[in-house]
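Source file: final20.tsv. Holds: TSV, C-alpha atoms and all ligand atoms.
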chain	number	residue	atom	x	y	z
Z	1	MET	CA	-15.88	12.03	-19.37
Z	2	SER	CA	-13.57	12.51	-16.36
Z	3	LEU	CA	-11.54	9.68	-14.84
Z	4	THR	CA	-13.64	10.00	-11.67
Z	5	GLN	CA	-16.86	9.55	-13.68
Z	6	ILE	CA	-15.46	6.49	-15.48
Z	7	ILE	CA	-14.43	4.93	-12.16
Z	8	GLN	CA	-17.78	5.70	-10.54
Z	9	ASN	CA	-19.57	4.01	-13.47
Z	10	ILE	CA	-17.45	0.87	-12.94
Z	11	ARG	CA	-18.11	0.98	-9.17
Z	12	ALA	CA	-21.88	1.26	-9.70
Z	13	LYS	CA	-21.89	-2.16	-11.41
Z	14	GLN	CA	-20.20	-3.97	-8.50
Z	15	LYS	CA	-21.81	-5.64	-5.51
Z	16	ILE	CA	-20.56	-5.20	-1.95
Z	17	LYS	CA	-20.58	-8.63	-0.35
Z	18	TYR	CA	-22.12	-9.08	3.08
Z	19	ASN	CA	-19.84	-9.68	6.03
Z	20	PRO	CA	-21.21	-9.60	9.60
Z	21	PRO	CA	-20.52	-6.05	10.91
Z	22	ASP	CA	-18.71	-7.33	14.02
Z	23	ARG	CA	-16.13	-9.23	11.93
Z	24	PRO	CA	-13.01	-7.60	10.47
Z	25	THR	CA	-12.64	-7.88	6.70
Z	26	ALA	CA	-9.35	-9.77	7.12
Z	27	VAL	CA	-6.65	-10.58	9.67
Z	28	TRP	CA	-3.29	-12.19	8.95
Z	29	THR	CA	0.27	-12.37	10.25
Z	30	GLY	CA	3.49	-11.67	8.37
Z	31	LYS	CA	6.92	-10.21	8.95
Z	32	ASP	CA	8.09	-6.63	9.35
Z	33	LEU	CA	11.11	-4.82	10.79
Z	34	LEU	CA	11.31	-3.08	14.15
Z	35	ASP	CA	14.52	-1.13	14.77
Z	36	GLY	CA	16.16	-3.18	12.01
Z	37	LYS	CA	15.12	-6.58	13.45
Z	38	PRO	CA	12.46	-8.90	12.00
Z	39	ILE	CA	9.26	-9.08	14.06
Z	40	THR	CA	5.80	-10.58	13.57
Z	41	ALA	CA	3.30	-8.15	12.08
Z	42	LEU	CA	-0.40	-8.69	12.75
Z	43	THR	CA	-2.43	-6.98	10.05
Z	44	VAL	CA	-6.12	-6.22	10.52
Z	45	ILE	CA	-8.43	-4.76	7.93
Z	46	PHE	CA	-11.35	-3.24	9.81
Z	47	GLN	CA	-14.69	-3.33	8.10
Z	48	THR	CA	-15.80	0.32	8.04
Z	49	SER	CA	-17.97	2.47	5.80
Z	50	GLY	CA	-14.91	2.57	3.52
Z	51	CYS	CA	-12.74	5.13	1.80
Z	52	ARG	CA	-14.43	8.49	1.39
Z	53	TRP	CA	-12.43	9.15	-1.79
Z	54	SER	CA	-12.79	5.75	-3.52
Z	55	ASN	CA	-11.77	7.11	-6.94
Z	56	CYS	CA	-8.39	5.50	-7.59
Z	57	THR	CA	-7.94	3.63	-10.87
Z	58	MET	CA	-6.35	0.48	-9.39
Z	59	CYS	CA	-8.20	0.18	-6.06
Z	60	GLY	CA	-10.71	-2.58	-5.37
Z	61	TYR	CA	-10.61	-2.20	-1.57
Z	62	ILE	CA	-13.85	-0.26	-1.63
Z	63	TYR	CA	-15.69	-3.58	-2.11
Z	64	ASP	CA	-14.38	-4.73	1.29
Z	65	SER	CA	-16.32	-2.02	3.08
Z	66	ALA	CA	-19.50	-2.59	5.11
Z	67	ARG	CA	-22.98	-2.23	3.56
Z	68	ASP	CA	-23.99	-0.14	6.57
Z	69	ALA	CA	-21.59	1.79	8.79
Z	70	PRO	CA	-20.64	-0.44	11.77
Z	71	SER	CA	-21.39	0.87	15.27
Z	72	HIS	CA	-18.80	1.53	17.98
Z	73	ASP	CA	-19.62	-1.87	19.53
Z	74	ASP	CA	-19.24	-3.61	16.16
Z	75	LEU	CA	-15.84	-2.03	15.65
Z	76	MET	CA	-14.69	-2.99	19.16
Z	77	LYS	CA	-15.77	-6.58	18.49
Z	78	GLN	CA	-13.81	-6.50	15.22
Z	79	PHE	CA	-10.81	-5.31	17.22
Z	80	GLU	CA	-11.18	-8.06	19.85
Z	81	ASN	CA	-11.58	-10.67	17.14
Z	82	ALA	CA	-8.35	-9.51	15.46
Z	83	MET	CA	-6.33	-9.38	18.69
Z	84	SER	CA	-7.48	-12.87	19.68
Z	85	ARG	CA	-5.54	-14.18	16.66
Z	86	CYS	CA	-2.28	-12.80	18.07
Z	87	LYS	CA	-0.16	-15.70	19.30
Z	88	ASP	CA	3.24	-14.01	19.45
Z	89	GLU	CA	4.90	-12.33	22.39
Z	90	GLU	CA	5.95	-9.24	20.48
Z	91	ILE	CA	4.18	-7.77	17.48
Z	92	ILE	CA	3.71	-4.75	15.29
Z	93	LEU	CA	0.03	-4.12	14.68
Z	94	LYS	CA	-0.91	-2.81	11.24
Z	95	ILE	CA	-4.34	-1.22	11.01
Z	96	PHE	CA	-6.04	-0.86	7.65
Z	97	THR	CA	-9.63	0.14	7.07
Z	98	SER	CA	-9.71	-0.01	3.24
Z	99	GLY	CA	-9.64	3.76	3.74
Z	100	SER	CA	-8.34	6.01	6.52
Z	101	PHE	CA	-8.02	5.13	10.22
Z	102	LEU	CA	-7.88	8.86	11.06
Z	103	ASP	CA	-11.11	9.69	9.19
Z	104	ASP	CA	-13.86	10.24	11.79
Z	105	GLY	CA	-16.39	9.18	9.15
Z	106	GLU	CA	-14.91	5.66	9.22
Z	107	ILE	CA	-13.70	5.37	12.84
Z	108	SER	CA	-15.06	7.92	15.30
Z	109	GLN	CA	-12.76	9.75	17.67
Z	110	ALA	CA	-14.20	7.78	20.64
Z	111	THR	CA	-13.68	4.40	18.95
Z	112	ARG	CA	-10.18	5.31	17.81
Z	113	THR	CA	-9.22	6.42	21.32
Z	114	GLU	CA	-10.61	3.25	22.89
Z	115	ILE	CA	-8.75	1.00	20.43
Z	116	LEU	CA	-5.47	2.86	20.98
Z	117	SER	CA	-5.90	2.97	24.79
Z	118	ARG	CA	-6.42	-0.79	24.87
Z	119	LEU	CA	-3.30	-1.24	22.75
Z	120	ASN	CA	-1.45	1.00	25.21
Z	121	LYS	CA	-2.10	-1.60	27.92
Z	122	ASP	CA	-1.25	-4.60	25.71
Z	123	ASP	CA	2.43	-5.35	26.31
Z	124	ARG	CA	2.70	-7.59	23.25
Z	125	VAL	CA	2.19	-4.60	20.96
Z	126	LYS	CA	5.45	-2.73	20.35
Z	127	LYS	CA	4.31	-0.44	17.57
Z	128	VAL	CA	1.11	0.48	15.73
Z	129	ILE	CA	1.00	1.44	12.05
Z	130	ALA	CA	-2.24	2.96	10.79
Z	131	GLU	CA	-3.09	3.74	7.18
Z	132	THR	CA	-4.67	7.06	6.28
Z	133	ARG	CA	-4.97	9.62	3.51
Z	134	PRO	CA	-2.94	12.77	4.26
Z	135	GLU	CA	-5.93	15.12	4.65
Z	136	TYR	CA	-6.83	13.39	7.94
Z	137	VAL	CA	-3.33	13.81	9.39
Z	138	THR	CA	-3.98	16.90	11.51
Z	139	ASP	CA	-2.25	18.15	14.66
Z	140	GLU	CA	-5.27	17.28	16.77
Z	141	LYS	CA	-5.68	13.74	15.46
Z	142	VAL	CA	-2.00	12.78	15.62
Z	143	ARG	CA	-1.59	14.33	19.07
Z	144	ASP	CA	-4.65	12.46	20.40
Z	145	ALA	CA	-3.60	9.17	18.81
Z	146	VAL	CA	-0.02	9.37	20.13
Z	147	SER	CA	-1.19	10.26	23.61
Z	148	ALA	CA	-3.81	7.44	23.77
Z	149	LEU	CA	-1.37	4.85	22.43
Z	150	GLY	CA	1.69	5.87	24.46
Z	151	LYS	CA	4.06	3.86	22.27
Z	152	LYS	CA	5.48	3.92	18.74
Z	153	PHE	CA	2.90	5.19	16.24
Z	154	GLU	CA	3.35	5.34	12.48
Z	155	VAL	CA	1.07	6.87	9.87
Z	156	ALA	CA	1.12	5.02	6.57
Z	157	ILE	CA	0.14	7.09	3.55
Z	158	GLY	CA	-0.52	5.87	0.01
Z	159	LEU	CA	1.57	8.52	-1.71
Z	160	GLU	CA	1.99	6.19	-4.75
Z	161	THR	CA	4.45	8.48	-6.59
Z	162	SER	CA	6.21	11.81	-6.08
Z	163	ASN	CA	5.09	12.83	-9.58
Z	164	ASP	CA	1.89	14.92	-9.32
Z	165	MET	CA	1.00	14.34	-12.97
Z	166	ILE	CA	1.13	10.52	-12.66
Z	167	ARG	CA	-0.77	10.63	-9.35
Z	168	LYS	CA	-3.48	12.73	-10.97
Z	169	GLU	CA	-3.72	11.34	-14.51
Z	170	SER	CA	-2.87	7.65	-13.94
Z	171	ILE	CA	-4.15	7.07	-10.43
Z	172	ASN	CA	-6.70	9.84	-9.81
Z	173	LYS	CA	-5.60	9.99	-6.19
Z	174	GLY	CA	-6.96	13.40	-5.32
Z	175	PHE	CA	-4.01	14.83	-3.39
Z	176	SER	CA	-0.57	16.23	-4.17
Z	177	PHE	CA	3.00	15.55	-3.11
Z	178	SER	CA	2.89	18.74	-1.03
Z	179	ASP	CA	-0.13	17.34	0.89
Z	180	PHE	CA	2.00	14.32	1.76
Z	181	ILE	CA	4.91	16.53	2.90
Z	182	ARG	CA	2.56	18.54	5.11
Z	183	ALA	CA	1.19	15.33	6.69
Z	184	SER	CA	4.73	14.06	7.28
Z	185	GLU	CA	5.63	17.31	9.04
Z	186	VAL	CA	2.52	17.11	11.25
Z	187	ALA	CA	3.38	13.52	12.22
Z	188	GLY	CA	6.96	14.54	13.02
Z	189	ARG	CA	5.78	17.19	15.48
Z	190	TYR	CA	4.39	14.40	17.71
Z	191	ASN	CA	7.23	11.90	17.12
Z	192	ALA	CA	5.02	9.73	14.96
Z	193	THR	CA	6.95	8.11	12.12
Z	194	VAL	CA	5.80	7.95	8.49
Z	195	LYS	CA	5.58	5.13	5.99
Z	196	ALA	CA	4.99	5.97	2.34
Z	197	TYR	CA	3.38	3.43	0.04
Z	198	LEU	CA	4.52	3.80	-3.54
Z	199	MET	CA	2.81	2.19	-6.52
Z	200	MET	CA	4.85	0.60	-9.29
Z	201	LYS	CA	3.20	0.90	-12.70
Z	202	PRO	CA	-0.23	2.47	-12.46
Z	203	PRO	CA	-2.11	2.38	-15.81
Z	204	PHE	CA	-1.33	4.47	-18.94
Z	205	ILE	CA	2.46	4.46	-18.52
Z	206	SER	CA	5.18	2.27	-20.03
Z	207	GLU	CA	7.30	-0.24	-18.11
Z	208	GLY	CA	10.44	1.92	-18.36
Z	209	PHE	CA	8.69	5.12	-17.34
Z	210	ALA	CA	7.07	3.30	-14.39
Z	211	MET	CA	10.43	1.96	-13.23
Z	212	GLU	CA	12.14	5.36	-13.52
Z	213	ASP	CA	9.21	6.97	-11.69
Z	214	MET	CA	9.62	4.48	-8.80
Z	215	ILE	CA	13.38	5.15	-8.56
Z	216	GLN	CA	12.76	8.91	-8.52
Z	217	SER	CA	9.84	8.62	-6.08
Z	218	ILE	CA	11.94	6.67	-3.56
Z	219	LYS	CA	14.56	9.44	-3.74
Z	220	ASP	CA	11.95	12.21	-3.35
Z	221	ALA	CA	9.89	10.56	-0.59
Z	222	ALA	CA	12.83	9.32	1.53
Z	223	PRO	CA	13.41	12.63	3.37
Z	224	PHE	CA	9.78	12.53	4.56
Z	225	ALA	CA	9.35	8.82	5.32
Z	226	GLY	CA	11.42	6.49	7.50
Z	227	THR	CA	9.99	3.52	5.63
Z	228	ILE	CA	8.97	3.14	2.01
Z	229	SER	CA	6.78	0.25	0.98
Z	230	MET	CA	6.74	-0.41	-2.75
Z	231	ASN	CA	3.47	-1.94	-3.94
Z	232	LEU	CA	3.58	-3.65	-7.32
Z	233	CYS	CA	0.30	-2.92	-9.05
Z	234	ASN	CA	-1.98	-5.95	-9.36
Z	235	VAL	CA	-5.30	-6.27	-11.16
Z	236	GLN	CA	-8.07	-5.92	-8.59
Z	237	LYS	CA	-11.71	-6.71	-9.27
Z	238	GLY	CA	-14.06	-3.89	-10.24
Z	239	THR	CA	-11.36	-1.40	-11.20
Z	240	LEU	CA	-10.41	0.56	-14.29
Z	241	VAL	CA	-7.13	-1.39	-14.29
Z	242	GLU	CA	-9.16	-4.62	-14.57
Z	243	GLU	CA	-11.16	-3.28	-17.54
Z	244	MET	CA	-7.93	-2.20	-19.25
Z	245	SER	CA	-6.27	-5.53	-18.50
Z	246	GLU	CA	-9.20	-7.44	-20.05
Z	247	ARG	CA	-8.83	-5.34	-23.22
Z	248	GLY	CA	-5.07	-6.03	-23.35
Z	249	ASP	CA	-4.25	-2.41	-22.48
Z	250	TYR	CA	-2.60	-3.09	-19.14
Z	251	ARG	CA	0.06	-5.51	-17.90
Z	252	PRO	CA	1.25	-5.52	-14.25
Z	253	PRO	CA	4.95	-4.69	-13.77
Z	254	TRP	CA	7.79	-7.09	-14.41
Z	255	LEU	CA	9.49	-8.37	-11.26
Z	256	TRP	CA	12.81	-7.37	-12.88
Z	257	SER	CA	11.63	-3.73	-12.79
Z	258	ALA	CA	10.91	-4.10	-9.07
Z	259	VAL	CA	14.38	-5.55	-8.44
Z	260	GLU	CA	16.00	-2.68	-10.34
Z	261	ALA	CA	13.96	-0.08	-8.43
Z	262	LEU	CA	14.88	-1.66	-5.08
Z	263	LYS	CA	18.59	-1.76	-5.99
Z	264	LYS	CA	18.68	1.86	-7.19
Z	265	GLY	CA	16.36	3.04	-4.40
Z	266	LYS	CA	18.55	1.52	-1.69
Z	267	GLU	CA	21.63	3.01	-3.33
Z	268	SER	CA	20.13	6.52	-3.32
Z	269	SER	CA	18.49	6.28	0.14
Z	270	PRO	CA	20.55	3.85	2.25
Z	271	GLU	CA	19.10	5.09	5.55
Z	272	THR	CA	15.51	4.46	4.50
Z	273	VAL	CA	13.90	1.07	5.07
Z	274	ILE	CA	12.54	-0.02	1.68
Z	275	MET	CA	10.18	-2.97	1.56
Z	276	SER	CA	8.00	-4.78	-0.93
Z	277	ASP	CA	5.64	-7.73	-0.72
Z	278	PRO	CA	4.88	-8.75	-4.31
Z	279	VAL	CA	1.22	-9.71	-3.90
Z	280	ALA	CA	-0.02	-12.22	-6.52
Z	281	ALA	CA	3.50	-12.47	-7.98
Z	282	GLY	CA	3.77	-14.88	-10.89
Z	283	SER	CA	0.08	-14.71	-11.81
Z	284	MET	CA	-1.26	-12.80	-14.81
Z	285	ARG	CA	-3.15	-10.48	-12.41
Z	286	GLY	CA	0.00	-9.75	-10.41
Z	287	PRO	CA	3.58	-8.65	-11.11
Z	288	HIS	CA	5.27	-11.30	-13.22
Z	289	ASN	CA	8.22	-12.27	-15.41
Z	290	CYS	CA	8.18	-15.36	-17.66
Z	291	GLY	CA	6.58	-17.95	-15.39
Z	292	LYS	CA	9.81	-19.87	-14.74
Z	293	CYS	CA	11.70	-17.40	-12.55
Z	294	ASP	CA	8.82	-15.61	-10.79
Z	295	SER	CA	8.87	-17.46	-7.48
Z	296	ASP	CA	12.67	-17.10	-7.11
Z	297	VAL	CA	12.60	-13.37	-7.90
Z	298	ALA	CA	9.58	-12.74	-5.64
Z	299	GLU	CA	11.31	-14.62	-2.81
Z	300	ALA	CA	14.46	-12.51	-3.28
Z	301	ILE	CA	12.32	-9.36	-3.01
Z	302	ARG	CA	10.81	-10.66	0.26
Z	303	ILE	CA	14.25	-11.53	1.64
Z	304	PHE	CA	15.55	-8.07	0.73
Z	305	SER	CA	12.60	-6.53	2.59
Z	306	THR	CA	13.64	-8.14	5.87
Z	307	THR	CA	17.43	-7.83	5.41
Z	308	GLN	CA	17.77	-4.59	3.39
Z	309	ASP	CA	20.74	-6.26	1.67
Z	310	THR	CA	20.75	-5.96	-2.13
Z	311	ALA	CA	23.30	-8.81	-2.36
Z	312	VAL	CA	20.31	-11.17	-2.55
Z	313	PHE	CA	19.69	-9.91	-6.10
Z	314	LYS	CA	23.24	-10.63	-7.34
Z	315	ASN	CA	22.86	-14.13	-8.74
Z	316	LEU	CA	19.31	-13.81	-9.98
Z	317	ASP	CA	19.03	-14.45	-13.70
Z	318	CYS	CA	16.75	-15.93	-16.33
Z	319	ASP	CA	16.49	-15.95	-20.13
Z	320	CYS	CA	13.53	-13.53	-19.87
Z	321	LYS	CA	15.75	-10.74	-18.61
Z	322	GLU	CA	16.74	-9.89	-22.20
Z	323	LEU	CA	13.06	-9.67	-23.20
Z	324	TRP	CA	12.38	-7.37	-20.22
Z	325	LYS	CA	15.24	-5.10	-21.36
Z	326	LYS	CA	13.68	-4.91	-24.83
Z	327	VAL	CA	10.30	-4.05	-23.31
Z	328	ILE	CA	11.90	-1.23	-21.33
Z	329	GLU	CA	13.52	0.02	-24.54
Z	330	LEU	CA	10.51	-0.23	-26.86
Z	331	GLU	CA	7.33	0.27	-24.81
Z	332	ASP	CA	7.64	4.06	-24.86
Z	333	PHE	CA	6.95	3.87	-28.61
Z	334	THR	CA	3.57	2.19	-27.94
Z	335	PHE	CA	2.63	4.87	-25.41
Z	336	GLY	CA	2.52	2.29	-22.62
Z	337	ALA	CA	0.42	-0.35	-24.43
Z	338	PRO	CA	1.93	-3.69	-23.34
Z	339	LEU	CA	4.18	-5.44	-25.87
Z	340	VAL	CA	4.10	-8.86	-24.17
Z	341	LYS	CA	1.69	-10.51	-21.71
Z	401	LIG	S1	-6.23	3.57	-2.99
Z	401	LIG	FE1	-6.69	4.41	-0.94
Z	401	LIG	S2	-7.39	6.51	-1.38
Z	401	LIG	FE2	-7.54	5.40	-3.30
Z	401	LIG	S3	-9.63	4.63	-3.39
Z	401	LIG	FE3	-8.37	2.99	-2.49
Z	401	LIG	S4	-8.51	3.25	-0.28
Z	401	LIG	FE4	-9.22	5.20	-1.24
Z	402	ZN	ZN	12.17	-15.59	-16.35

In structure tokens, what does this structure look like?
Ligand code: SF4
Ligand SMILES: [Zn+2]
Amino acid sequence: MSLTQIIQNIRAKQKIKYNPPDRPTAVWTGKDLLDGKPITALTVIFQTSGCRWSNCTMCGYIYDSARDAPSHDDLMKQFENAMSRCKDEEIILKIFTSGSFLDDGEISQATRTEILSRLNKDDRVKKVIAETRPEYVTDEKVRDAVSALGKKFEVAIGLETSNDMIRKESINKGFSFSDFIRASEVAGRYNATVKAYLMMKPPFISEGFAMEDMIQSIKDAAPFAGTISMNLCNVQKGTLVEEMSERGDYRPPWLWSAVEALKKGKESSPETVIMSDPVAAGSMRGPHNCGKCDSDVAEAIRIFSTTQDTAVFKNLDCDCKELWKKVIELEDFTFGAPLVK
């Protein structure tokens, strides 16, 4: 059975919960960097018909999508609802759709243009970042988006890794590194910047291999992305990763591996902004160390993301660091099966 078939069988058992179609799936504020300075980031997850691909091993976002495709008016109400939560004078707006903002099947050209034109007139908004798969990054779409917005526009692409074999066999992502490079070149032609999301430790690979893959991926992606955001894999509901985790066949990454990847990544690509927000850090479903040091290490990762200064990692230590080193050394011999919880 193919990985796609296995994932579709898992998906078929899940329920999509009802959310009124004129409400976004989620809206929250956080911090990001604009020209090297911290700024408030308003993130909105639009409720759309969802990702057309929907076959990735670790992704549970598909369950955030709408039961029926929302209309133009519904989507505009979602937009107004999200913007009404903006209390700051200057923001970056991050647009997610649990899929692709540039896919006409999720957000039509007319809706996209209206959203971006309204943002053009909103002086609080300094930059817009929109997530999309690379196949929707075409000359026409980027040109139209940039011209409607009239300010800084960034396409954010879930590249996950520069290694085509890991992307295919561990993630089942359905595109290649060369697709990402092509999308980055298209964006560059219209002065849109690129953010690459990388995924630390998808299933089926050992801790050490995952860490080395992240270090290599940062190096490989940096020439094509001004910003790299490192996601630490967490166990999402209704995914193959969740089934594997329940069987004891998957453990999210150690936070020490993330620290090491950030240190080495920054060393190899000093001009690239490298960020990470360790979602669910310290829990068994999220990236974790021993339980005692998790919150300190996660906080250091967040501080690094807004300062880009690896000095924050200097005095971090815990007894579990020796165990993590052993895991890195020995897990290759178990073919990625976790040695400790
Ligand atoms: S990770 Fe992205 S491309 Fe993959 S299924 Fe989820 S939303 Fe779609
Ligand atoms: Zn510890």

Q.
I'd like to know which of Z:Leu316, Z:Met200, Z:Leu159, Z:Val273 is closest to Glu212 in chain Z, using only C-alpha atoms.
A.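 Among the listed residues, Z:Met200 lies closest to Glu212 in chain Z.
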
Q) Can you tell me, as a PyMOL selection string, what residues are no more than 12 Å from Gly226 in chain Z when counting only C-alpha atoms, ignoring any on the same chain fewer than 6 positions away? A) chain Z and resi 33-36+154-157+184+187-188+191-197+218+269-275

Per residue of chain Z within 8 Å of ligand LIG 401 (chain Z), what are the shortest atom pair and its distance in Å to one decimal, counting only C-alpha atoms and all ligand atoms, with rows by chain and residue number, as a tab-separated table?
residue	atom	partner	partner_atom	distance
Z:Gly50	CA	Z:LIG401	S4	7.5
Z:Cys51	CA	Z:LIG401	FE4	4.7
Z:Arg52	CA	Z:LIG401	FE4	6.7
Z:Trp53	CA	Z:LIG401	FE4	5.1
Z:Ser54	CA	Z:LIG401	S3	3.4
Z:Asn55	CA	Z:LIG401	S3	4.8
Z:Cys56	CA	Z:LIG401	FE2	4.4
Z:Thr57	CA	Z:LIG401	S3	7.7
Z:Met58	CA	Z:LIG401	S1	7.1
Z:Cys59	CA	Z:LIG401	FE3	4.5
Z:Gly60	CA	Z:LIG401	FE3	6.7
Z:Tyr61	CA	Z:LIG401	FE3	5.7
Z:Ile62	CA	Z:LIG401	FE3	6.4
Z:Ser98	CA	Z:LIG401	S4	4.9
Z:Gly99	CA	Z:LIG401	S4	4.2
Z:Ser100	CA	Z:LIG401	S4	7.3
Z:Thr132	CA	Z:LIG401	FE1	8.0
Z:Arg133	CA	Z:LIG401	S2	6.3
Z:Gly158	CA	Z:LIG401	FE1	6.4
Z:Asn172	CA	Z:LIG401	FE2	7.9
Z:Lys173	CA	Z:LIG401	FE2	5.8
Z:Gly174	CA	Z:LIG401	S2	7.9

Q | Distance filter 8 Å around ligand ZN 402 (chain Z), atoms: all atoms listed in the file, out as a ChimeraX atom specification | A | /Z:289-294,317-321

Q) CA of Ile92 in chain Z and CA of Asp32 in chain Z, how far apart in Å? A) 7.6 Å

Q: Skip Leu330 in chain Z itself and residues of its chain fewer than 5 positions away, then list as a list in words all residues within 12 Å of it, counting only C-alpha atoms.
A: Ser206, Glu207, Gly208, Phe209, Leu323, Trp324, Lys325, Phe335, Gly336, Ala337, Pro338, Leu339 and Val340 of chain Z

Q.
As an exercise, work out the distance from CA of Leu198 in chain Z to CA of Pro287 in chain Z in Å and give it to one decimal place.
A. 14.6 Å

Give the centre and edge lengths of an axis-aligned box, in Å to one decimal, that holds all listed atoms of range 5-20 of chain Z with 4 Å on each side, as AutoDock Vina command-line options.
--center_x -18.3 --center_y -0.1 --center_z -2.9 --size_x 15.7 --size_y 27.2 --size_z 33.1

Q) CA of Asp74 in chain Z to CA of Lys141 in chain Z: how many Å, to one decimal? A)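 We find that CA of Asp74 in chain Z and CA of Lys141 in chain Z lie 22.0 Å from each other.
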
**Q.** Proximity to Gln109 in chain Z - best of Z:Leu255, Z:Asp220, Z:Gln236, Z:Val142, all atoms listed in the file
**A.**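 Closest candidate: Z:Val142.
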
As a compact mmCIF listing (two decimals), in the frame of the given file, please: range 95-101 of chain Z completed to all heavy atoms.
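Writing the result to result-v3.txt gives the following:
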# COMPACT_ATOMS: atom_id res chain seq x y z
N ILE Z 95 -2.89 -1.45 11.12
CA ILE Z 95 -4.34 -1.22 11.01
C ILE Z 95 -4.68 -0.63 9.64
O ILE Z 95 -4.20 0.45 9.28
CB ILE Z 95 -4.82 -0.24 12.11
CG1 ILE Z 95 -4.51 -0.80 13.50
CG2 ILE Z 95 -6.31 0.03 11.95
CD1 ILE Z 95 -4.91 0.14 14.63
N PHE Z 96 -5.49 -1.37 8.91
CA PHE Z 96 -6.04 -0.86 7.65
C PHE Z 96 -7.55 -0.77 7.81
O PHE Z 96 -8.14 -1.50 8.62
CB PHE Z 96 -5.73 -1.82 6.48
CG PHE Z 96 -4.27 -1.95 6.14
CD1 PHE Z 96 -3.46 -2.83 6.83
CD2 PHE Z 96 -3.71 -1.19 5.13
CE1 PHE Z 96 -2.11 -2.95 6.51
CE2 PHE Z 96 -2.37 -1.29 4.81
CZ PHE Z 96 -1.57 -2.18 5.51
N THR Z 97 -8.16 0.09 7.03
CA THR Z 97 -9.63 0.14 7.07
C THR Z 97 -10.20 0.11 5.65
O THR Z 97 -11.37 0.40 5.45
CB THR Z 97 -10.11 1.46 7.74
OG1 THR Z 97 -9.74 2.55 6.90
CG2 THR Z 97 -9.53 1.65 9.13
N SER Z 98 -9.34 -0.21 4.65
CA SER Z 98 -9.71 -0.01 3.24
C SER Z 98 -10.06 1.45 3.04
O SER Z 98 -10.93 1.80 2.25
CB SER Z 98 -10.89 -0.89 2.81
OG SER Z 98 -10.60 -2.23 3.07
N GLY Z 99 -9.40 2.31 3.78
CA GLY Z 99 -9.64 3.76 3.74
C GLY Z 99 -8.67 4.42 4.70
O GLY Z 99 -7.47 4.21 4.61
N SER Z 100 -9.20 5.22 5.64
CA SER Z 100 -8.34 6.01 6.52
C SER Z 100 -8.72 5.83 7.99
O SER Z 100 -9.83 6.18 8.39
CB SER Z 100 -8.47 7.50 6.17
OG SER Z 100 -8.02 7.74 4.86
N PHE Z 101 -7.78 5.33 8.79
CA PHE Z 101 -8.02 5.13 10.22
C PHE Z 101 -8.28 6.47 10.93
O PHE Z 101 -8.97 6.52 11.93
CB PHE Z 101 -6.81 4.42 10.84
CG PHE Z 101 -6.93 4.14 12.31
CD1 PHE Z 101 -7.88 3.25 12.78
CD2 PHE Z 101 -6.08 4.76 13.23
CE1 PHE Z 101 -7.98 2.96 14.14
CE2 PHE Z 101 -6.18 4.48 14.59
CZ PHE Z 101 -7.14 3.59 15.05
